[in-house]
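Read the structure below first, then the notes.
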Number of protein chains: 2
Amino acid sequence: MATTPAGEGRQRILAVAEELFTERGYQAVSIREIAQGCAVTNAALYYYFPSKAVLFDEVMEQHAERLNARMRRAGEKPSTYRAKVEVMLVEYAKVVADQCSPFFLMLRESHMLSDIEKRNPWGNLIHALLLPLEDVMQQAVQNDELQPLPDGYSPAALLIGMLHGQIQYRKACLGRSFTNKDVELVVTLFWEGLKVR
Amino acid sequence: MATTPAGEGRQRILAVAEELFTERGYQAVSIREIAQGCAVTNAALYYYFPSKAVLFDEVMEQHAERLNARMRRAGEKPSTYRAKVEVMLVEYAKVVADQCSPFFLMLRESHMLSDIEKRNPWGNLIHALLLPLEDVMQQAVQNDELQPLPDGYSPAALLIGMLHGQIQYRKACLGRSFTNKDVELVVTLFWEGLKVR
């Protein structure tokens, strides 16, 4: 698709929209500015995307797919489940630690979006992001390395939550940004627990 | 302070401001609306709070202190460290799980606040929230129940992060809200780890 001129135009719009949304937020960016940023007319932009909400949806989807693919690729190399989880989480952290992901704008602005715009603000997207980690952890459960969790719990969601706790603490309370060592400690704690044995 | 008429006026303004900020966000609410909500003049409001930024700061501080006190009170009853941590986290979750806390508006709008308004958007406040949990966990470390973490890590921040991971997963992927059972599982996992022994 990206090799046809039409596909290229579409991709270009998505890339510019992602940059502008991430930088300034969904509300603040107009279709007109995105069109100007791509050097196309508003009409050309509407040809590909009927509304800003649809464009936003596709930006988010593509972003999630890209991160998903990066995590899966990273996870192919290591041989243990734990090392796989660690390198996948490093990929995740690279994108989200600086809050340079459009996910954060979605979080920030979700209270301002209409129901149509947020018809799936988190569900599918979070699910897509968790899935690579979830798959590896599921294999670790099947191989008796990790305990299964009851229905309604996702080990990947808990682990990523823990990482966000550390990223935020570092930034807010210590004024420092996260390192790969943080990811290592979070994975170890999640795997082993904090209890003295 | 709350017994003097002046203190009462101040408290009333803080309460109305917290309600309006939480409902509609910092940017969207004007000093004038807050004054109207308290049935006082703008001048009366400015007598207590020189600017919206100062008022916002005090709203956040008071909110943190209140939650902090609730967590500490809850933690007095149970006899084990683990049970203390669990009841304290239940108190925390009650406030934050619905995102009905002004903390969320701060998170959402932090990119829009000026440097003066966000001179301490997270640091002291997060610290104040973590402290009750941190103290109990520190005692558990001193009594050889938990491992100490290296400098730059906060067990309370990691645990709260994990809880947020679960709250968000429940809400976004399952469309359900959190229960006290979630808190229980998160504390168990944090304490014991997920590894099969």
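Chain labels A, B, ... are given in the sequence in which chains occur in the structure tokens; within each chain residues are numbered consecutively from 1, and ligands are likewise numbered from 1 in the order shown.
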Write out as a PyMOL selection string every residue belonging to chain A that has an atom at most 6 Å from any atom of chain B, counting only C-alpha atoms. chain A and resi 108+122-123+145-147+157-158+161-162+164-166+172-173+190-196
Please dump the current selection as a PDB file, in the first residue's frame; keep N, CA and C atoms.
ATOM      1  N   ARG A 108      -4.793  12.334  28.381  1.00  0.00           N
ATOM      2  CA  ARG A 108      -5.003  13.702  28.862  1.00  0.00           C
ATOM      3  C   ARG A 108      -6.323  14.275  28.386  1.00  0.00           C
ATOM      4  N   TRP A 122      -9.350   3.180  24.828  1.00  0.00           N
ATOM      5  CA  TRP A 122      -8.363   2.366  25.524  1.00  0.00           C
ATOM      6  C   TRP A 122      -8.452   0.896  25.157  1.00  0.00           C
ATOM      7  N   GLY A 123      -9.634   0.366  25.208  1.00  0.00           N
ATOM      8  CA  GLY A 123      -9.835  -1.076  25.086  1.00  0.00           C
ATOM      9  C   GLY A 123      -8.930  -1.772  24.085  1.00  0.00           C
ATOM     10  N   GLU A 145       6.571 -21.850  34.858  1.00  0.00           N
ATOM     11  CA  GLU A 145       7.529 -20.918  35.435  1.00  0.00           C
ATOM     12  C   GLU A 145       6.801 -19.815  36.209  1.00  0.00           C
ATOM     13  N   LEU A 146       5.648 -19.438  35.699  1.00  0.00           N
ATOM     14  CA  LEU A 146       4.838 -18.433  36.395  1.00  0.00           C
ATOM     15  C   LEU A 146       3.497 -19.036  36.804  1.00  0.00           C
ATOM     16  N   GLN A 147       2.914 -18.466  37.859  1.00  0.00           N
ATOM     17  CA  GLN A 147       1.581 -18.880  38.276  1.00  0.00           C
ATOM     18  C   GLN A 147       0.527 -18.252  37.364  1.00  0.00           C
ATOM     19  N   ALA A 157      -0.563  -6.220  32.150  1.00  0.00           N
ATOM     20  CA  ALA A 157      -1.089  -4.934  32.625  1.00  0.00           C
ATOM     21  C   ALA A 157      -0.505  -4.579  33.991  1.00  0.00           C
ATOM     22  N   LEU A 158      -0.361  -5.581  34.853  1.00  0.00           N
ATOM     23  CA  LEU A 158       0.198  -5.333  36.184  1.00  0.00           C
ATOM     24  C   LEU A 158       1.673  -4.934  36.083  1.00  0.00           C
ATOM     25  N   GLY A 161       1.991  -1.485  34.610  1.00  0.00           N
ATOM     26  CA  GLY A 161       1.596  -0.527  35.642  1.00  0.00           C
ATOM     27  C   GLY A 161       2.742  -0.261  36.612  1.00  0.00           C
ATOM     28  N   MET A 162       3.407  -1.332  37.006  1.00  0.00           N
ATOM     29  CA  MET A 162       4.545  -1.218  37.921  1.00  0.00           C
ATOM     30  C   MET A 162       5.654  -0.361  37.304  1.00  0.00           C
ATOM     31  N   HIS A 164       5.277   1.959  35.028  1.00  0.00           N
ATOM     32  CA  HIS A 164       4.833   3.356  35.024  1.00  0.00           C
ATOM     33  C   HIS A 164       4.979   3.982  36.408  1.00  0.00           C
ATOM     34  N   GLY A 165       4.717   3.194  37.453  1.00  0.00           N
ATOM     35  CA  GLY A 165       4.921   3.685  38.822  1.00  0.00           C
ATOM     36  C   GLY A 165       6.359   4.133  39.014  1.00  0.00           C
ATOM     37  N   GLN A 166       7.292   3.343  38.540  1.00  0.00           N
ATOM     38  CA  GLN A 166       8.715   3.666  38.681  1.00  0.00           C
ATOM     39  C   GLN A 166       9.104   4.878  37.823  1.00  0.00           C
ATOM     40  N   ALA A 172       9.047  12.486  38.939  1.00  0.00           N
ATOM     41  CA  ALA A 172       8.397  13.473  39.809  1.00  0.00           C
ATOM     42  C   ALA A 172       9.186  13.691  41.095  1.00  0.00           C
ATOM     43  N   CYS A 173       9.639  12.600  41.705  1.00  0.00           N
ATOM     44  CA  CYS A 173      10.226  12.746  43.036  1.00  0.00           C
ATOM     45  C   CYS A 173      11.739  12.879  42.977  1.00  0.00           C
ATOM     46  N   PHE A 190       8.590  -8.302  39.928  1.00  0.00           N
ATOM     47  CA  PHE A 190       7.334  -8.895  39.494  1.00  0.00           C
ATOM     48  C   PHE A 190       7.439 -10.423  39.504  1.00  0.00           C
ATOM     49  N   TRP A 191       8.583 -10.896  39.063  1.00  0.00           N
ATOM     50  CA  TRP A 191       8.808 -12.348  38.982  1.00  0.00           C
ATOM     51  C   TRP A 191       8.972 -12.968  40.364  1.00  0.00           C
ATOM     52  N   GLU A 192       9.781 -12.302  41.191  1.00  0.00           N
ATOM     53  CA  GLU A 192      10.214 -12.913  42.452  1.00  0.00           C
ATOM     54  C   GLU A 192       9.459 -12.411  43.685  1.00  0.00           C
ATOM     55  N   GLY A 193       8.878 -11.220  43.580  1.00  0.00           N
ATOM     56  CA  GLY A 193       8.244 -10.642  44.763  1.00  0.00           C
ATOM     57  C   GLY A 193       9.260  -9.938  45.649  1.00  0.00           C
ATOM     58  N   LEU A 194       8.734  -9.281  46.674  1.00  0.00           N
ATOM     59  CA  LEU A 194       9.599  -8.456  47.523  1.00  0.00           C
ATOM     60  C   LEU A 194       9.870  -9.139  48.857  1.00  0.00           C
ATOM     61  N   LYS A 195       9.218 -10.264  49.061  1.00  0.00           N
ATOM     62  CA  LYS A 195       9.302 -10.938  50.360  1.00  0.00           C
ATOM     63  C   LYS A 195      10.715 -11.520  50.600  1.00  0.00           C
ATOM     64  N   VAL A 196      11.186 -11.390  51.794  1.00  0.00           N
ATOM     65  CA  VAL A 196      12.431 -12.040  52.168  1.00  0.00           C
ATOM     66  C   VAL A 196      12.156 -13.538  52.353  1.00  0.00           C
TER      67      VAL A 196
END
Shell of 7 Å around stretch 57-60 of chain A, only C-alpha atoms, local chain residues under 2 positions omitted, as a list in words: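 In the requested format, the answer is Leu14, Glu18, Ala53, Val54, Leu55, Gln62, His63, Ala64 and Pro102 of chain A.
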What does the file look like for those residues with N, CA and C atoms, as a PDB file, in the first residue's frame?
ATOM      1  N   LEU A  14      -0.813  10.593   7.964  1.00  0.00           N
ATOM      2  CA  LEU A  14      -0.796   9.947   9.281  1.00  0.00           C
ATOM      3  C   LEU A  14       0.432  10.372  10.089  1.00  0.00           C
ATOM      4  N   GLU A  18       0.259  12.477  13.506  1.00  0.00           N
ATOM      5  CA  GLU A  18       0.798  11.925  14.755  1.00  0.00           C
ATOM      6  C   GLU A  18       1.729  12.931  15.425  1.00  0.00           C
ATOM      7  N   ALA A  53     -11.709  12.791  13.829  1.00  0.00           N
ATOM      8  CA  ALA A  53     -11.843  11.645  14.733  1.00  0.00           C
ATOM      9  C   ALA A  53     -11.338  10.358  14.067  1.00  0.00           C
ATOM     10  N   VAL A  54     -11.684  10.178  12.794  1.00  0.00           N
ATOM     11  CA  VAL A  54     -11.246   8.977  12.074  1.00  0.00           C
ATOM     12  C   VAL A  54      -9.726   8.994  11.900  1.00  0.00           C
ATOM     13  N   LEU A  55      -9.199  10.157  11.568  1.00  0.00           N
ATOM     14  CA  LEU A  55      -7.749  10.301  11.417  1.00  0.00           C
ATOM     15  C   LEU A  55      -7.043   9.969  12.729  1.00  0.00           C
ATOM     16  N   GLN A  62      -2.124   2.806  14.258  1.00  0.00           N
ATOM     17  CA  GLN A  62      -0.826   2.584  13.631  1.00  0.00           C
ATOM     18  C   GLN A  62       0.298   2.646  14.666  1.00  0.00           C
ATOM     19  N   HIS A  63       0.155   3.577  15.590  1.00  0.00           N
ATOM     20  CA  HIS A  63       1.148   3.714  16.648  1.00  0.00           C
ATOM     21  C   HIS A  63       1.218   2.427  17.470  1.00  0.00           C
ATOM     22  N   ALA A  64       0.055   1.899  17.820  1.00  0.00           N
ATOM     23  CA  ALA A  64       0.005   0.665  18.603  1.00  0.00           C
ATOM     24  C   ALA A  64       0.611  -0.505  17.824  1.00  0.00           C
ATOM     25  N   PRO A 102       1.484   9.287  21.419  1.00  0.00           N
ATOM     26  CA  PRO A 102       0.132   9.855  21.354  1.00  0.00           C
ATOM     27  C   PRO A 102      -0.826   9.228  22.370  1.00  0.00           C
TER      28      PRO A 102
END
